[in-house]
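J.: The file below is target-v6.tsv, TSV, C-alpha atoms:
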```tsv
chain	number	residue	atom	x	y	z
O	1	MET	CA	19.59	162.97	-51.51
O	2	ALA	CA	16.82	160.47	-52.28
O	3	GLU	CA	14.19	162.97	-51.15
O	4	PRO	CA	15.18	166.63	-51.61
O	5	LYS	CA	11.96	168.07	-50.16
O	6	TYR	CA	11.22	166.09	-46.98
O	7	VAL	CA	14.08	164.96	-44.75
O	8	SER	CA	12.48	163.07	-41.85
O	9	CYS	CA	13.23	159.48	-40.83
O	10	VAL	CA	9.58	158.67	-41.60
O	11	ARG	CA	9.86	159.99	-45.17
O	12	LEU	CA	13.08	158.03	-45.79
O	13	ALA	CA	11.36	154.87	-44.55
O	14	ASP	CA	8.54	155.52	-47.05
O	15	ILE	CA	11.06	155.70	-49.89
O	16	LEU	CA	13.10	152.68	-48.82
O	17	GLU	CA	9.86	150.73	-48.18
O	18	GLU	CA	11.47	147.75	-46.41
O	19	VAL	CA	13.16	149.89	-43.74
O	20	SER	CA	11.18	151.35	-40.85
O	21	HIS	CA	11.63	154.89	-39.60
O	22	ASP	CA	12.72	153.44	-36.26
O	23	SER	CA	15.56	151.65	-38.06
O	24	VAL	CA	16.73	154.95	-39.54
O	25	ASN	CA	16.64	156.62	-36.14
O	26	ARG	CA	18.44	153.70	-34.49
O	27	PHE	CA	21.12	153.84	-37.18
O	28	LEU	CA	21.81	157.51	-36.38
O	29	LEU	CA	21.97	156.79	-32.65
O	30	ARG	CA	23.93	153.54	-32.89
O	31	GLU	CA	26.85	154.12	-35.28
O	32	ARG	CA	30.18	155.59	-34.19
O	33	TYR	CA	31.63	157.04	-37.37
O	34	THR	CA	34.88	158.99	-37.01
O	35	PRO	CA	36.71	161.50	-39.23
O	36	GLU	CA	39.19	158.74	-40.12
O	37	ASP	CA	36.29	156.73	-41.55
O	38	LEU	CA	35.62	159.65	-43.90
O	39	PHE	CA	39.28	159.70	-44.98
O	40	ASN	CA	39.34	155.94	-45.55
O	41	GLU	CA	36.31	156.21	-47.83
O	42	VAL	CA	38.00	158.70	-50.20
O	43	LYS	CA	41.74	158.02	-49.93
O	44	GLU	CA	41.72	155.74	-53.00
O	45	GLU	CA	40.28	158.58	-55.09
O	46	VAL	CA	43.16	161.04	-54.57
O	47	THR	CA	46.95	161.18	-54.80
O	48	LEU	CA	48.08	161.65	-51.21
O	49	VAL	CA	51.31	163.56	-51.99
O	50	GLY	CA	51.70	167.07	-53.38
O	51	GLY	CA	48.19	168.51	-53.17
O	52	THR	CA	46.56	171.46	-51.42
O	53	LEU	CA	45.00	171.12	-47.97
O	54	SER	CA	42.38	173.80	-47.24
O	55	VAL	CA	40.70	174.66	-43.96
O	56	ASP	CA	37.47	176.55	-43.43
O	57	ASP	CA	34.39	176.42	-41.24
O	58	SER	CA	30.71	176.70	-42.01
O	59	VAL	CA	27.70	177.50	-39.82
O	60	GLU	CA	24.80	175.13	-40.42
O	61	ASP	CA	21.77	177.28	-39.59
O	62	LYS	CA	19.41	175.99	-36.87
O	63	PRO	CA	17.47	179.19	-36.01
O	64	TYR	CA	14.62	177.44	-34.18
O	65	ARG	CA	16.67	175.02	-32.05
O	66	ASP	CA	16.92	175.41	-28.28
O	67	PRO	CA	20.65	175.16	-27.36
O	68	GLN	CA	19.60	173.66	-24.02
O	69	LYS	CA	17.85	170.74	-25.74
O	70	SER	CA	20.01	170.08	-28.82
O	71	ALA	CA	23.71	169.17	-28.93
O	72	PHE	CA	26.30	171.53	-30.49
O	73	VAL	CA	23.89	174.42	-31.15
O	74	GLY	CA	25.34	177.81	-30.28
O	75	TYR	CA	25.93	181.29	-31.67
O	76	PHE	CA	28.61	181.71	-34.37
O	77	TRP	CA	29.67	184.38	-36.82
O	78	SER	CA	28.28	183.57	-40.28
O	79	GLY	CA	29.98	184.79	-43.45
O	80	LYS	CA	26.73	184.11	-45.32
O	81	HIS	CA	24.58	186.30	-43.04
O	82	LYS	CA	27.36	188.74	-42.05
O	83	ARG	CA	26.30	188.48	-38.41
O	84	THR	CA	26.17	186.08	-35.48
O	85	VAL	CA	23.55	183.37	-35.98
O	86	LYS	CA	22.33	180.28	-34.15
O	87	GLY	CA	23.55	177.02	-35.56
O	88	ILE	CA	26.21	174.31	-35.56
O	89	ASN	CA	29.78	175.10	-36.56
O	90	LEU	CA	31.51	172.58	-38.85
O	91	ILE	CA	35.29	172.81	-39.40
O	92	THR	CA	36.59	170.89	-42.41
O	93	LEU	CA	39.91	169.99	-44.02
O	94	TYR	CA	39.42	169.75	-47.77
O	95	TYR	CA	42.09	168.19	-49.99
O	96	THR	CA	42.71	168.85	-53.70
O	97	ASP	CA	45.30	166.62	-55.38
O	98	LEU	CA	47.61	167.38	-58.31
O	99	VAL	CA	45.04	166.44	-60.97
O	100	GLY	CA	42.21	168.40	-59.33
O	101	HIS	CA	40.33	165.63	-57.55
O	102	SER	CA	39.04	167.08	-54.29
O	103	TYR	CA	37.30	165.70	-51.20
O	104	PRO	CA	36.71	166.53	-47.52
O	105	ILE	CA	39.14	164.34	-45.55
O	106	ASN	CA	38.76	165.46	-41.92
O	107	PHE	CA	36.22	167.40	-39.89
O	108	ARG	CA	35.22	168.56	-36.44
O	109	ILE	CA	31.93	169.78	-35.03
O	110	TYR	CA	32.68	172.69	-32.71
O	111	ASP	CA	31.93	171.63	-29.15
O	112	LYS	CA	32.38	174.36	-26.56
O	113	ARG	CA	32.53	171.73	-23.79
O	114	GLU	CA	35.95	170.66	-25.11
O	115	GLY	CA	37.40	174.11	-24.41
O	116	LYS	CA	39.16	174.27	-27.79
O	117	THR	CA	39.30	177.03	-30.38
O	118	LYS	CA	38.85	176.57	-34.11
O	119	ASN	CA	42.62	177.01	-34.43
O	120	ASP	CA	43.17	174.17	-31.95
O	121	TYR	CA	40.93	171.94	-34.04
O	122	PHE	CA	42.79	172.99	-37.20
O	123	ARG	CA	46.24	172.03	-35.90
O	124	GLU	CA	44.86	168.79	-34.47
O	125	MET	CA	43.29	167.83	-37.80
O	126	VAL	CA	46.41	168.67	-39.84
O	127	LEU	CA	48.54	166.40	-37.66
O	128	GLU	CA	45.96	163.63	-38.05
O	129	VAL	CA	45.83	163.71	-41.85
O	130	MET	CA	49.63	163.80	-42.02
O	131	GLN	CA	49.70	160.67	-39.86
O	132	TRP	CA	47.16	159.09	-42.24
O	133	GLY	CA	49.50	159.69	-45.21
O	134	ILE	CA	48.63	163.13	-46.62
O	135	LYS	CA	51.76	165.10	-47.60
O	136	PRO	CA	50.51	168.46	-48.94
O	137	THR	CA	52.62	171.01	-50.76
O	138	TRP	CA	50.30	173.81	-49.60
O	139	VAL	CA	47.98	174.48	-46.68
O	140	THR	CA	45.45	177.28	-47.24
O	141	GLY	CA	42.89	179.19	-45.20
O	142	ASP	CA	41.24	182.55	-44.67
O	143	SER	CA	42.39	185.25	-42.25
O	144	TRP	CA	40.71	183.55	-39.27
O	145	TYR	CA	43.35	180.81	-39.45
O	146	SER	CA	46.39	183.04	-40.04
O	147	SER	CA	47.37	183.33	-36.38
O	148	LEU	CA	51.07	183.26	-35.52
O	149	ASP	CA	50.63	179.95	-33.73
O	150	ASN	CA	49.22	178.37	-36.89
O	151	LEU	CA	51.90	179.85	-39.15
O	152	LYS	CA	54.72	178.70	-36.87
O	153	PHE	CA	53.11	175.28	-36.58
O	154	LEU	CA	53.10	174.86	-40.37
O	155	ARG	CA	56.68	176.13	-40.61
O	156	ASN	CA	57.73	173.48	-38.09
O	157	GLU	CA	55.95	170.87	-40.24
O	158	LYS	CA	57.96	172.15	-43.25
O	159	VAL	CA	54.93	172.80	-45.43
O	160	GLY	CA	54.13	175.86	-47.56
O	161	PHE	CA	51.01	177.90	-46.96
O	162	LEU	CA	48.70	180.57	-48.34
O	163	PHE	CA	46.49	182.49	-45.91
O	164	GLY	CA	44.36	185.57	-46.12
O	165	VAL	CA	45.41	188.30	-43.70
O	166	ALA	CA	43.75	191.40	-42.28
O	167	ASP	CA	44.70	194.65	-44.00
O	168	ASN	CA	46.13	196.01	-40.73
O	169	ARG	CA	48.56	193.09	-40.26
O	170	LYS	CA	52.01	194.55	-39.61
O	171	VAL	CA	55.00	193.71	-41.78
O	172	SER	CA	58.30	195.36	-42.66
O	173	LEU	CA	60.39	195.69	-45.79
O	174	ASP	CA	63.38	196.12	-43.52
O	175	ARG	CA	63.50	194.63	-40.05
O	176	GLY	CA	62.37	197.03	-37.37
O	177	LYS	CA	60.28	199.33	-39.63
O	178	LEU	CA	56.71	198.08	-39.25
O	179	ILE	CA	53.94	199.09	-41.63
O	180	GLN	CA	50.37	197.89	-42.18
O	181	ILE	CA	49.94	195.71	-45.28
O	182	LYS	CA	47.26	198.02	-46.71
O	183	ARG	CA	49.81	200.85	-46.88
O	184	LEU	CA	52.18	198.90	-49.13
O	185	GLU	CA	52.36	199.17	-52.90
O	186	ILE	CA	52.16	195.53	-53.90
O	187	PRO	CA	53.08	194.66	-57.51
O	188	GLU	CA	51.28	191.95	-59.49
O	189	SER	CA	54.25	189.64	-58.98
O	190	GLY	CA	53.97	189.93	-55.18
O	191	LEU	CA	56.20	191.56	-52.58
O	192	MET	CA	58.69	190.00	-50.17
O	193	VAL	CA	58.07	191.28	-46.63
O	194	TYR	CA	59.08	190.36	-43.11
O	195	LEU	CA	55.99	189.34	-41.13
O	196	LYS	CA	56.10	190.55	-37.55
O	197	GLU	CA	57.25	187.79	-35.15
O	198	PHE	CA	57.39	185.21	-37.96
O	199	GLY	CA	59.81	185.78	-40.82
O	200	TRP	CA	59.88	186.31	-44.59
O	201	VAL	CA	56.69	185.78	-46.60
O	202	LYS	CA	55.43	186.97	-49.97
O	203	VAL	CA	52.34	189.22	-50.09
O	204	PHE	CA	49.83	189.25	-52.92
O	205	CYS	CA	46.80	191.50	-53.38
O	206	GLN	CA	43.62	190.57	-55.20
O	207	LEU	CA	40.44	192.57	-55.77
O	208	PHE	CA	37.23	190.94	-54.61
O	209	LYS	CA	34.00	192.87	-55.25
O	210	ASN	CA	36.20	195.94	-55.83
O	211	GLU	CA	37.83	195.60	-52.42
O	212	PRO	CA	41.48	194.58	-52.00
O	213	ARG	CA	42.17	191.33	-50.17
O	214	TYR	CA	45.63	190.45	-48.96
O	215	TYR	CA	47.30	187.04	-48.86
O	216	ILE	CA	50.63	185.78	-47.61
O	217	MET	CA	52.49	182.82	-49.09
O	218	TYR	CA	55.32	180.87	-47.51
O	219	GLN	CA	57.70	178.14	-48.62
O	220	PRO	CA	60.25	176.32	-46.41
O	221	THR	CA	63.21	177.60	-48.44
O	222	LEU	CA	63.90	181.29	-49.04
O	223	ALA	CA	64.94	180.65	-52.64
O	224	ARG	CA	61.64	178.94	-53.41
O	225	LEU	CA	59.76	181.77	-51.70
O	226	HIS	CA	61.52	184.40	-53.83
O	227	HIS	CA	60.54	182.61	-57.03
O	228	LEU	CA	56.80	182.33	-56.30
O	229	THR	CA	54.84	183.87	-59.18
O	230	ARG	CA	51.40	185.39	-59.65
O	231	ALA	CA	50.40	182.28	-61.61
O	232	GLU	CA	51.29	180.04	-58.66
O	233	PHE	CA	49.37	182.31	-56.30
O	234	LYS	CA	46.30	182.15	-58.57
O	235	GLN	CA	46.49	178.36	-58.86
O	236	VAL	CA	46.72	177.79	-55.10
O	237	HIS	CA	44.03	180.41	-54.43
O	238	ASP	CA	41.69	178.73	-56.96
O	239	GLU	CA	42.28	175.36	-55.28
O	240	HIS	CA	41.38	176.91	-51.92
O	241	TRP	CA	38.15	178.24	-53.42
O	242	GLU	CA	36.99	174.63	-53.90
O	243	ILE	CA	36.13	174.50	-50.19
O	244	GLU	CA	33.65	177.35	-50.66
O	245	CYS	CA	31.91	175.36	-53.41
O	246	PHE	CA	31.90	172.34	-51.09
O	247	HIS	CA	30.08	174.36	-48.40
O	248	ARG	CA	27.33	175.31	-50.85
O	249	VAL	CA	26.81	171.75	-52.06
O	250	ILE	CA	26.56	170.13	-48.62
O	251	LYS	CA	23.86	172.66	-47.72
O	252	GLN	CA	21.93	172.80	-50.99
O	253	VAL	CA	22.23	169.19	-52.17
O	254	CYS	CA	23.35	167.01	-49.24
O	255	ASN	CA	20.92	168.59	-46.74
O	256	ILE	CA	23.46	168.89	-43.94
O	257	GLU	CA	21.35	171.60	-42.23
O	258	ARG	CA	18.09	169.67	-42.43
O	259	PHE	CA	17.56	167.14	-39.66
O	260	TYR	CA	15.28	166.64	-36.67
O	261	VAL	CA	17.48	164.60	-34.30
O	262	ARG	CA	18.84	166.29	-31.16
O	263	ASP	CA	21.16	163.67	-29.68
O	264	GLU	CA	24.92	164.33	-29.97
O	265	GLN	CA	25.78	161.02	-31.63
O	266	ALA	CA	22.87	161.21	-34.05
O	267	ILE	CA	23.97	164.68	-35.18
O	268	ARG	CA	27.58	163.48	-35.60
O	269	ASN	CA	26.37	160.58	-37.77
O	270	HIS	CA	24.10	162.84	-39.81
O	271	PHE	CA	27.03	165.19	-40.54
O	272	TYR	CA	29.27	162.26	-41.44
O	273	CYS	CA	26.64	160.90	-43.85
O	274	ALA	CA	26.20	164.31	-45.50
O	275	LEU	CA	29.97	164.52	-46.09
O	276	ARG	CA	30.00	160.97	-47.47
O	277	ALA	CA	27.14	161.93	-49.78
O	278	PHE	CA	29.24	164.82	-51.08
O	279	GLY	CA	32.16	162.43	-51.64
O	280	LYS	CA	29.91	160.14	-53.67
O	281	LEU	CA	28.74	163.06	-55.80
O	282	GLN	CA	32.35	164.11	-56.42
O	283	THR	CA	33.24	160.60	-57.56
O	284	LEU	CA	30.25	160.52	-59.94
O	285	CYS	CA	31.40	163.86	-61.40
O	286	ILE	CA	35.00	162.67	-61.80
O	287	GLN	CA	33.76	159.50	-63.54
O	288	GLY	CA	31.63	161.60	-65.90
O	289	VAL	CA	28.31	160.16	-64.71
O	290	ASN	CA	27.17	163.62	-63.54
O	291	GLY	CA	28.15	166.93	-65.06
O	292	ASN	CA	28.17	168.62	-61.65
O	293	CYS	CA	27.08	168.06	-58.05
O	294	TYR	CA	23.74	169.85	-58.53
O	295	GLU	CA	22.52	167.58	-61.32
O	296	ILE	CA	21.11	164.92	-59.01
O	297	SER	CA	18.75	167.30	-57.19
O	298	ARG	CA	17.70	169.11	-60.39
O	299	GLN	CA	16.64	165.84	-61.96
```
Take the structure in this file and express it as structure tokens.

T.:
Amino acid sequence: MAEPKYVSCVRLADILEEVSHDSVNRFLLRERYTPEDLFNEVKEEVTLVGGTLSVDDSVEDKPYRDPQKSAFVGYFWSGKHKRTVKGINLITLYYTDLVGHSYPINFRIYDKREGKTKNDYFREMVLEVMQWGIKPTWVTGDSWYSSLDNLKFLRNEKVGFLFGVADNRKVSLDRGKLIQIKRLEIPESGLMVYLKEFGWVKVFCQLFKNEPRYYIMYQPTLARLHHLTRAEFKQVHDEHWEIECFHRVIKQVCNIERFYVRDEQAIRNHFYCALRAFGKLQTLCIQGVNGNCYEISRQ
């Protein structure tokens, strides 16, 4: 953040003056930061009980990197480019508490050598943050994370959720009579349906760029599920949208895509530092020092 235009170790050493570029490089290679370190840095800034825990992933573009010479680089579907691109895939858990303070609290860099899917990482990270003390009321994600395994996992953890779902996902108004969600007439207040192989959920529909998007909500008790309103859906959905804003800031302000190191540990440390930089910006905004996260780079 100290130098928005040039991001090399040499340039940072020029700015810091008393630190050599070799020291910067050694720092990236030496440290062993973990996702729990990220959580420990921000846990005092949020209320750990009752918030919304959101999951999403982001592709950090590295179009000119050779996957054979640089750790973690591969080909991933990009929502930004609407196609498969070369880059590094970052999966993040983002927490928003009851007063609206929000921070990234856990992350993974997708590593195909581990043989895990993004859904595996998601369940692993949720269990971790719960062990660290997070007790969310809601867990949210897009349709990529709405697999049956994930939904059943959250039901077993007794936590409510909101997930986007594909328009051809099959549900029934009466057990045994399956119909695709897109063929339902869904009122503003939502519609109780039986999700195939899962159980009762409430479906909401929202237009996005004139196209309908479908979401399912779940609460551990049927009575609570019945009483979910459009206002509650909108509030939880808006809290989930914070993670999209987070993705833009870490790319445009925290320079998470811009680095020259190739070593696995150096890349991990760079990503950690970019997420910590975002956390610092959030704290400055909450304290009223900055009006928004973009102010520092504009000035």

J.: Rounded to one decimal in Å, what is the spacing between atom CA of O:Gly291 and atom CA of O:Glu44?

T.: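 Result for atom CA of O:Gly291 versus atom CA of O:Glu44: 21.3 Å, one decimal.
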
J.: When you draw a straight line from atom CA of O:Asn106 to atom CA of O:Asp57, how long is it in Å?

T.: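 Spanning atom CA of O:Asn106 to atom CA of O:Asp57 is a straight-line distance of 11.8 Å.
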
J.: Give me the residues near O:Leu154 as a compact mmCIF listing (two decimals) with C-alpha atoms, keeping the file's coordinate frame, where near means some atom within 12 Å (using all atoms listed in the file) and where sequence neighbours in that chain fewer than 6 positions away do not count.

T.:
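The result, written out as out_6.txt:
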```
# COMPACT_ATOMS: atom_id res chain seq x y z
CA LEU O 53 45.00 171.12 -47.97
CA PHE O 122 42.79 172.99 -37.20
CA ARG O 123 46.24 172.03 -35.90
CA GLU O 124 44.86 168.79 -34.47
CA VAL O 126 46.41 168.67 -39.84
CA LEU O 127 48.54 166.40 -37.66
CA MET O 130 49.63 163.80 -42.02
CA PRO O 136 50.51 168.46 -48.94
CA THR O 137 52.62 171.01 -50.76
CA TRP O 138 50.30 173.81 -49.60
CA VAL O 139 47.98 174.48 -46.68
CA THR O 140 45.45 177.28 -47.24
CA TYR O 145 43.35 180.81 -39.45
CA SER O 146 46.39 183.04 -40.04
CA SER O 147 47.37 183.33 -36.38
CA LEU O 148 51.07 183.26 -35.52
CA GLY O 160 54.13 175.86 -47.56
CA PHE O 161 51.01 177.90 -46.96
CA LEU O 162 48.70 180.57 -48.34
CA PHE O 163 46.49 182.49 -45.91
CA PHE O 198 57.39 185.21 -37.96
CA MET O 217 52.49 182.82 -49.09
CA TYR O 218 55.32 180.87 -47.51
CA GLN O 219 57.70 178.14 -48.62
CA PRO O 220 60.25 176.32 -46.41
```

J.: Rounded to one decimal, what separation in Å do you get between atom CA of O:Lys158 and atom CA of O:Ile109?

T.: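 Atom-to-atom, atom CA of O:Lys158 and atom CA of O:Ile109 are spaced 27.4 Å apart.
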
J.: With distances taken over only C-alpha atoms, which of O:Val59, O:Cys254, O:Ile186, O:Ala266 is nearest to O:Val7?

T.: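 The answer is O:Cys254, which sits nearest to O:Val7.
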
J.: Rank O:Thr117, O:Asn156, O:Asn40, O:Asn168 by their smallest atom-to-atom distance to O:Ile134, using all atoms listed in the file, and report the top residue only.

T.: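 For O:Ile134, the nearest of the given residues is O:Asn40.
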
J.: Please determine, counting only C-alpha atoms, which residue among O:Val19, O:Leu225, O:Ile243, O:Met192 has the shortest atom-to-atom distance to O:Val159.

T.: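 Nearest candidate to O:Val159 out of O:Val19, O:Leu225, O:Ile243, O:Met192: O:Leu225.
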
J.: Measuring atom to atom with all atoms listed in the file, identify which of O:Lys69, O:Phe278, O:Arg30, O:Arg213 is nearest to O:Arg248.

T.: O:Phe278

J.: Select, counting only C-alpha atoms, all protein, DNA and RNA residues no farther than 9 Å from (17.2, 166.8, -41.7) in file coordinates, and express the selection as a PyMOL selection string.

T.: chain O and resi 6-9+255-261+270

J.: Write out as a list in words the residues lying within 12 Å of O:Leu173, counting only C-alpha atoms and excluding same-chain residues fewer than 6 positions away.

T.: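 The neighbour list is Ile179, Gln180, Ile181, Arg183, Leu184, Glu185, Ile186, Leu191, Met192, Val193, Tyr194, Leu195, Lys196, Gly199, Trp200, Val201, Lys202 and Val203 of chain O.
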
J.: Please write as a list in words the list of polymer residues whose atoms come within 8 Å of (41.9, 162.6, -46.9), counting all atoms listed in the file and keeping to the coordinates of the file.

T.: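 Here is the list of nearby residues: Leu38, Phe39, Asn40, Val42, Lys43, Val46, Leu48, Tyr94, Tyr95, Tyr103, Pro104, Ile105, Asn106, Val129, Trp132 and Ile134 of chain O.
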
J.: Out of O:Tyr33, O:Pro63, O:Val55, O:Ser70, which residue has the shortest atom-to-atom distance to O:Met125 when counting only C-alpha atoms?

T.: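 Among O:Tyr33, O:Pro63, O:Val55, O:Ser70, it is O:Val55 that comes nearest to O:Met125.
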
J.: Taking all atoms listed in the file into account, which of O:Lys135, O:Lys209, O:Arg230, O:Lys82 comes nearest O:Thr47?

T.: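 For O:Thr47, the nearest of the candidates is O:Lys135.
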
J.: Please supply stretch 195-204 of chain O, rebuilt with all heavy atoms, as a short mmCIF file (atom, residue, chain, number, x, y, z; two decimals), keeping the file's coordinate frame.

T.:
```cif
data_model
loop_
_atom_site.label_atom_id
_atom_site.label_comp_id
_atom_site.auth_asym_id
_atom_site.auth_seq_id
_atom_site.Cartn_x
_atom_site.Cartn_y
_atom_site.Cartn_z
N LEU O 195 57.19 189.35 -41.96
CA LEU O 195 55.99 189.34 -41.13
C LEU O 195 56.38 189.40 -39.67
O LEU O 195 57.22 188.62 -39.20
CB LEU O 195 55.17 188.08 -41.40
CG LEU O 195 53.86 187.95 -40.63
CD1 LEU O 195 52.87 189.04 -41.03
CD2 LEU O 195 53.24 186.56 -40.85
N LYS O 196 55.77 190.34 -38.95
CA LYS O 196 56.10 190.55 -37.55
C LYS O 196 56.04 189.24 -36.76
O LYS O 196 55.06 188.51 -36.81
CB LYS O 196 55.13 191.57 -36.95
CG LYS O 196 55.43 191.93 -35.50
CD LYS O 196 54.41 192.92 -34.96
CE LYS O 196 54.67 193.24 -33.49
NZ LYS O 196 53.63 194.15 -32.93
N GLU O 197 57.11 188.95 -36.03
CA GLU O 197 57.25 187.79 -35.15
C GLU O 197 57.24 186.44 -35.87
O GLU O 197 57.14 185.39 -35.25
CB GLU O 197 56.15 187.80 -34.06
CG GLU O 197 56.22 189.01 -33.14
CD GLU O 197 55.14 188.95 -32.07
OE1 GLU O 197 54.88 187.85 -31.56
OE2 GLU O 197 54.57 190.02 -31.77
N PHE O 198 57.36 186.48 -37.23
CA PHE O 198 57.39 185.21 -37.96
C PHE O 198 58.61 185.08 -38.85
O PHE O 198 59.47 184.23 -38.63
CB PHE O 198 56.11 185.04 -38.79
CG PHE O 198 56.11 183.78 -39.61
CD1 PHE O 198 55.83 182.57 -39.02
CD2 PHE O 198 56.41 183.81 -40.97
CE1 PHE O 198 55.86 181.40 -39.76
CE2 PHE O 198 56.44 182.66 -41.73
CZ PHE O 198 56.15 181.44 -41.12
N GLY O 199 58.70 185.90 -39.88
CA GLY O 199 59.81 185.78 -40.82
C GLY O 199 59.36 186.23 -42.21
O GLY O 199 58.33 186.89 -42.37
N TRP O 200 60.14 185.85 -43.22
CA TRP O 200 59.88 186.31 -44.59
C TRP O 200 58.70 185.55 -45.21
O TRP O 200 58.62 184.33 -45.14
CB TRP O 200 61.12 186.14 -45.46
CG TRP O 200 62.22 187.08 -45.08
CD1 TRP O 200 63.34 186.79 -44.35
CD2 TRP O 200 62.30 188.47 -45.39
NE1 TRP O 200 64.11 187.91 -44.18
CE2 TRP O 200 63.49 188.96 -44.82
CE3 TRP O 200 61.48 189.35 -46.10
CZ2 TRP O 200 63.88 190.28 -44.92
CZ3 TRP O 200 61.88 190.68 -46.21
CH2 TRP O 200 63.06 191.13 -45.63
N VAL O 201 57.80 186.33 -45.83
CA VAL O 201 56.69 185.78 -46.60
C VAL O 201 56.53 186.64 -47.85
O VAL O 201 57.16 187.69 -47.98
CB VAL O 201 55.36 185.80 -45.80
CG1 VAL O 201 55.45 184.90 -44.57
CG2 VAL O 201 54.98 187.23 -45.39
N LYS O 202 55.70 186.17 -48.78
CA LYS O 202 55.43 186.97 -49.97
C LYS O 202 53.96 187.38 -49.96
O LYS O 202 53.08 186.54 -49.75
CB LYS O 202 55.75 186.17 -51.24
CG LYS O 202 55.95 187.04 -52.47
CD LYS O 202 56.66 186.28 -53.59
CE LYS O 202 57.15 187.24 -54.67
NZ LYS O 202 57.94 186.55 -55.71
N VAL O 203 53.70 188.67 -50.15
CA VAL O 203 52.34 189.22 -50.09
C VAL O 203 51.80 189.41 -51.50
O VAL O 203 52.50 189.92 -52.38
CB VAL O 203 52.33 190.58 -49.35
CG1 VAL O 203 50.92 191.16 -49.35
CG2 VAL O 203 52.81 190.42 -47.94
N PHE O 204 50.54 189.00 -51.67
CA PHE O 204 49.83 189.25 -52.92
C PHE O 204 48.52 189.97 -52.59
O PHE O 204 47.95 189.79 -51.52
CB PHE O 204 49.51 187.94 -53.65
CG PHE O 204 50.71 187.27 -54.24
CD1 PHE O 204 51.47 186.39 -53.48
CD2 PHE O 204 51.09 187.51 -55.55
CE1 PHE O 204 52.58 185.76 -54.00
CE2 PHE O 204 52.20 186.89 -56.10
CZ PHE O 204 52.95 186.00 -55.32
#
```
